[in-house]
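S.K.: Below are the structure tokens for one structure; questions will follow.
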Amino acid sequence: MEENGQAVTDNRSAAWDEYAQSRPQRRRTNAKGETTWFNWTQFPDHGPGADVLALKPGDIALDLGCGSGGNAAHLATLGMKSVGIDLSGRQLDKARERWPDVDGMELHQGDALAYLEDAFMVFDAIYSVFGAAWFTDPGLLLPVVHASLRPGGVFAFSQRPPVEGCYGCQASYIPKGPDEDPAIVKRWDYPPETWATMLQEYGFADVTAEVVRAPEGRRRIGTLLVRAVRRAA
Ligand SMILES: C[S@@+](CC[C@H](N)C(=O)[O-])C[C@H]1O[C@@H](n2cnc3c(N)ncnc32)[C@H](O)[C@@H]1O
């Protein structure tokens with residue numbers, strides 16, 4: 001697909017396979033010595049954990065763009081039924097290699113929106129960490145997420161905060177080889193208050209949308225963390 005002379009990648013799974021190749025596996029243990037953990041941010045050992053999702057053992061959670069599966073594996077070890085969906089076969093291969101023996105974790109390859117539309121399942125929580133919720137038009141995704149959550153269920157996602165003034169659909173560049181153009185995928189960026197308004201319009205309540213500050217050090221860009229609850233019927 002050509003847009004303004006730039007080739008927007010029409011094979012998104014191939015683009016994300018490239019990305020998968022460039023990323024290391026998750027560490028074996030975190031700073032506390034835990035073998036599984038939940039991380040909403042781009043920084044190790046930083047930010048809130050799985051409690052954002054308000055799940056209890058036996059609940060079903062869906063990870064939109066689960067990547068190599070670290071967060072989904074953690075929920076499964078806490079006793080949740082943990083489902084991950086991702087476009088990239090390579091990401092899912094990494095997840096299966098890294099987490100071969102985790103009971104209660106189920107991984108599917110495909111587009112998050114199509115999965116939700118076809119699954120006819122109701123989840124206790126749906127979440128996305130720098131995942132498909134960032135790379136899917138919210139005008140399409142939010143109503144489907146809303147319909148797929150039980151009343152009272154949590155939808156939460158994290159991503160980089162927007163650059164001031166750069167709102168709506170943006171280009172993300174995924175580097176390839178030195179002599180190749182990068183893959184280009186679309187993402188959607190909005191300031192926290194716009195996310196809050198959109199979520200309320202689609203029937204979510206108790207919305208919080210705020211930037212988790214970067215840890216002390218040279219890096220300044222924090223993490224936008226958005227959380228909302230499907231209003232009880
Ligand atoms: C930046 S990675 C984040 C992976 C993981 N959530 C993590 O925290 O490490 C983005 C992931 O979202 C997946 N993704 C992007 N768009 C998607 C879509 N529409 N449906 C399913 N997965 C998607 C990509 O394949 C990739 O694995």
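Quick note on naming: the chains in the structure tokens go A, B, ... in the order shown, residues restart at 1 in each chain, and ligands are numbered from 1 in order of appearance.
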To check your reading of the model: which residues sit at most 7 Å from ligand 1 when counting only C-alpha atoms and all ligand atoms? Write the answer as a VMD selection string.

M.R.: chain A and resid 13 16 to 17 20 64 to 69 85 to 88 91 110 to 113 128 to 132 135 to 136

S.K.: For the selection you just gave me, I'd like the residues written to a file as a compact mmCIF listing (two decimals), in the first residue's frame, keeping N, CA, C and O atoms.

M.R.:
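So the final result, stored in result39.txt, reads:
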# COMPACT_ATOMS: atom_id res chain seq x y z
N SER A 13 2.12 -8.97 9.90
CA SER A 13 2.75 -10.04 10.68
C SER A 13 4.23 -10.15 10.31
O SER A 13 5.07 -10.39 11.19
N TRP A 16 6.10 -7.47 12.17
CA TRP A 16 6.29 -7.78 13.59
C TRP A 16 7.22 -8.97 13.78
O TRP A 16 7.87 -9.09 14.83
N ASP A 17 7.30 -9.86 12.76
CA ASP A 17 8.32 -10.92 12.82
C ASP A 17 9.72 -10.30 12.83
O ASP A 17 10.62 -10.76 13.54
N ALA A 20 10.37 -9.05 16.22
CA ALA A 20 10.63 -10.15 17.17
C ALA A 20 12.09 -10.57 17.14
O ALA A 20 12.71 -10.84 18.17
N LEU A 64 -3.87 -8.48 24.24
CA LEU A 64 -3.92 -8.08 22.82
C LEU A 64 -2.52 -7.70 22.36
O LEU A 64 -2.02 -6.63 22.72
N GLY A 65 -1.89 -8.56 21.57
CA GLY A 65 -0.50 -8.31 21.16
C GLY A 65 0.44 -8.76 22.26
O GLY A 65 1.25 -7.98 22.76
N CYS A 66 0.34 -10.06 22.59
CA CYS A 66 1.04 -10.59 23.78
C CYS A 66 2.54 -10.71 23.57
O CYS A 66 3.28 -10.89 24.53
N GLY A 67 3.01 -10.64 22.30
CA GLY A 67 4.44 -10.74 22.04
C GLY A 67 4.99 -12.05 22.57
O GLY A 67 4.38 -13.12 22.38
N SER A 68 6.12 -11.99 23.24
CA SER A 68 6.76 -13.22 23.71
C SER A 68 6.20 -13.70 25.04
O SER A 68 6.79 -14.58 25.70
N GLY A 69 5.07 -13.16 25.45
CA GLY A 69 4.23 -13.83 26.43
C GLY A 69 4.54 -13.66 27.90
O GLY A 69 3.91 -14.31 28.74
N ILE A 85 -3.12 -13.17 22.13
CA ILE A 85 -3.28 -13.15 20.68
C ILE A 85 -2.19 -12.25 20.11
O ILE A 85 -1.95 -11.16 20.65
N ASP A 86 -1.54 -12.69 19.05
CA ASP A 86 -0.49 -11.86 18.44
C ASP A 86 -0.41 -12.18 16.95
O ASP A 86 -0.61 -13.32 16.52
N LEU A 87 -0.13 -11.13 16.17
CA LEU A 87 0.01 -11.28 14.72
C LEU A 87 1.25 -12.07 14.33
O LEU A 87 1.27 -12.70 13.27
N SER A 88 2.28 -12.01 15.16
CA SER A 88 3.59 -12.51 14.75
C SER A 88 3.82 -13.94 15.20
O SER A 88 3.89 -14.24 16.39
N GLN A 91 6.99 -14.06 17.34
CA GLN A 91 6.79 -13.69 18.74
C GLN A 91 6.21 -14.89 19.51
O GLN A 91 6.62 -15.20 20.63
N GLY A 110 -2.94 -14.19 15.18
CA GLY A 110 -3.95 -13.51 14.38
C GLY A 110 -4.05 -12.05 14.78
O GLY A 110 -3.33 -11.57 15.66
N ASP A 111 -4.96 -11.37 14.13
CA ASP A 111 -5.21 -9.97 14.41
C ASP A 111 -6.14 -9.84 15.63
O ASP A 111 -7.17 -10.54 15.71
N ALA A 112 -5.80 -8.95 16.54
CA ALA A 112 -6.56 -8.84 17.79
C ALA A 112 -8.02 -8.49 17.54
O ALA A 112 -8.92 -9.07 18.16
N LEU A 113 -8.25 -7.56 16.63
CA LEU A 113 -9.63 -7.14 16.36
C LEU A 113 -10.44 -8.30 15.78
O LEU A 113 -11.56 -8.59 16.23
N SER A 128 -3.33 -4.76 27.11
CA SER A 128 -2.39 -4.67 25.99
C SER A 128 -1.21 -3.82 26.44
O SER A 128 -1.41 -2.68 26.87
N VAL A 129 -0.02 -4.38 26.35
CA VAL A 129 1.18 -3.68 26.80
C VAL A 129 2.01 -3.34 25.57
O VAL A 129 2.61 -4.23 24.95
N PHE A 130 1.99 -2.08 25.17
CA PHE A 130 2.66 -1.65 23.93
C PHE A 130 2.23 -2.57 22.78
O PHE A 130 3.01 -2.88 21.88
N GLY A 131 0.99 -3.03 22.82
CA GLY A 131 0.53 -4.09 21.93
C GLY A 131 -0.54 -3.62 20.97
O GLY A 131 -0.58 -2.46 20.55
N ALA A 132 -1.46 -4.54 20.63
CA ALA A 132 -2.41 -4.29 19.54
C ALA A 132 -3.32 -3.09 19.83
O ALA A 132 -3.83 -2.47 18.90
N PHE A 135 -1.83 -0.33 18.10
CA PHE A 135 -1.67 -0.46 16.65
C PHE A 135 -3.00 -0.76 15.95
O PHE A 135 -3.00 -1.29 14.85
N THR A 136 -4.11 -0.44 16.60
CA THR A 136 -5.44 -0.67 16.01
C THR A 136 -6.25 0.60 16.19
O THR A 136 -6.23 1.23 17.26

S.K.: Which of range 76-177 of chain A end up as alpha helix (DSSP H) when DSSP is run on this backbone - answer as a PyMOL selection string?

M.R.: chain A and resi 76-77+89-98+112-119+138-147

S.K.: Dump as a Markdown table the rows for residues of range 74-147 of chain A within 12 Å of range 196-215 of chain A: closest atom pair and distance in Å with one decimal, only C-alpha atoms counted, ordered by chain and rising residue number.

M.R.:
| residue | atom | partner | partner_atom | distance |
| --- | --- | --- | --- | --- |
| A:Asp137 | CA | A:Met198 | CA | 11.9 |
| A:Pro138 | CA | A:Met198 | CA | 8.5 |
| A:Gly139 | CA | A:Met198 | CA | 8.6 |
| A:Leu140 | CA | A:Tyr202 | CA | 10.7 |
| A:Leu141 | CA | A:Tyr202 | CA | 10.2 |
| A:Leu142 | CA | A:Tyr202 | CA | 6.7 |
| A:Pro143 | CA | A:Tyr202 | CA | 6.1 |
| A:Val144 | CA | A:Tyr202 | CA | 9.6 |
| A:Val145 | CA | A:Tyr202 | CA | 9.6 |
| A:His146 | CA | A:Gly203 | CA | 7.3 |
| A:Ala147 | CA | A:Gly203 | CA | 9.7 |

S.K.: Nearest to Ala232 in chain A among A:Trp195, A:Ala156, A:Leu92, A:Leu149, with distances taken over only C-alpha atoms: which residue is it?

M.R.: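 Among the listed residues, the smallest separation from Ala232 in chain A belongs to A:Leu149.
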
S.K.: Please provide the set of residues having any atom within 9 Å of Met80 in chain A, restricted to only C-alpha atoms, with same-chain residues fewer than 4 positions apart removed, written as a ChimeraX atom specification.

M.R.: /A:55-61,75-76,104-105

S.K.: If you keep all heavy atoms, can you produce a file of those selected residues as a compact mmCIF listing (two decimals), in the first residue's frame?

M.R.:
# COMPACT_ATOMS: atom_id res chain seq x y z
N LEU A 55 -7.89 -9.00 38.92
CA LEU A 55 -8.31 -10.38 38.61
C LEU A 55 -8.18 -11.26 39.84
O LEU A 55 -7.41 -10.97 40.75
CB LEU A 55 -7.40 -10.93 37.50
CG LEU A 55 -7.61 -10.33 36.11
CD1 LEU A 55 -6.42 -10.67 35.20
CD2 LEU A 55 -8.93 -10.81 35.50
N LYS A 56 -8.92 -12.37 39.82
CA LYS A 56 -8.75 -13.39 40.86
C LYS A 56 -8.55 -14.74 40.18
O LYS A 56 -8.91 -14.89 38.99
CB LYS A 56 -9.94 -13.39 41.82
CG LYS A 56 -11.27 -13.52 41.17
CD LYS A 56 -12.37 -13.37 42.20
CE LYS A 56 -13.75 -13.68 41.66
NZ LYS A 56 -14.03 -13.29 40.28
N PRO A 57 -7.99 -15.70 40.89
CA PRO A 57 -7.76 -17.00 40.27
C PRO A 57 -9.04 -17.55 39.64
O PRO A 57 -10.12 -17.42 40.21
CB PRO A 57 -7.29 -17.87 41.45
CG PRO A 57 -6.65 -16.89 42.38
CD PRO A 57 -7.47 -15.62 42.26
N GLY A 58 -8.89 -18.12 38.46
CA GLY A 58 -10.05 -18.64 37.73
C GLY A 58 -10.60 -17.67 36.70
O GLY A 58 -11.31 -18.08 35.78
N ASP A 59 -10.29 -16.38 36.85
CA ASP A 59 -10.75 -15.39 35.87
C ASP A 59 -10.03 -15.60 34.53
O ASP A 59 -8.93 -16.17 34.48
CB ASP A 59 -10.45 -13.97 36.36
CG ASP A 59 -11.44 -13.49 37.42
OD1 ASP A 59 -12.45 -14.19 37.64
OD2 ASP A 59 -11.19 -12.43 38.02
N ILE A 60 -10.66 -15.08 33.47
CA ILE A 60 -10.07 -15.20 32.12
C ILE A 60 -9.61 -13.81 31.65
O ILE A 60 -10.38 -12.86 31.67
CB ILE A 60 -11.09 -15.73 31.09
CG1 ILE A 60 -11.72 -17.02 31.56
CG2 ILE A 60 -10.42 -15.95 29.74
CD1 ILE A 60 -12.68 -17.64 30.56
N ALA A 61 -8.34 -13.75 31.24
CA ALA A 61 -7.77 -12.49 30.77
C ALA A 61 -7.25 -12.65 29.35
O ALA A 61 -6.73 -13.72 28.99
CB ALA A 61 -6.63 -12.06 31.69
N LEU A 75 0.21 -14.08 34.54
CA LEU A 75 -1.19 -14.24 34.98
C LEU A 75 -1.54 -15.72 35.13
O LEU A 75 -2.25 -16.11 36.07
CB LEU A 75 -2.14 -13.56 33.99
CG LEU A 75 -2.01 -12.04 33.88
CD1 LEU A 75 -3.10 -11.49 32.95
CD2 LEU A 75 -2.10 -11.34 35.24
N ALA A 76 -1.04 -16.54 34.21
CA ALA A 76 -1.33 -17.98 34.31
C ALA A 76 -0.74 -18.56 35.60
O ALA A 76 -1.39 -19.37 36.27
CB ALA A 76 -0.79 -18.71 33.09
N GLY A 104 -2.52 -23.22 31.86
CA GLY A 104 -3.52 -22.14 31.86
C GLY A 104 -3.21 -21.03 30.89
O GLY A 104 -3.91 -20.02 30.89
N MET A 105 -2.16 -21.18 30.07
CA MET A 105 -1.86 -20.14 29.08
C MET A 105 -2.16 -20.69 27.68
O MET A 105 -1.76 -21.79 27.34
CB MET A 105 -0.40 -19.70 29.16
CG MET A 105 -0.07 -18.61 28.17
SD MET A 105 1.45 -17.70 28.53
CE MET A 105 2.69 -18.76 27.87
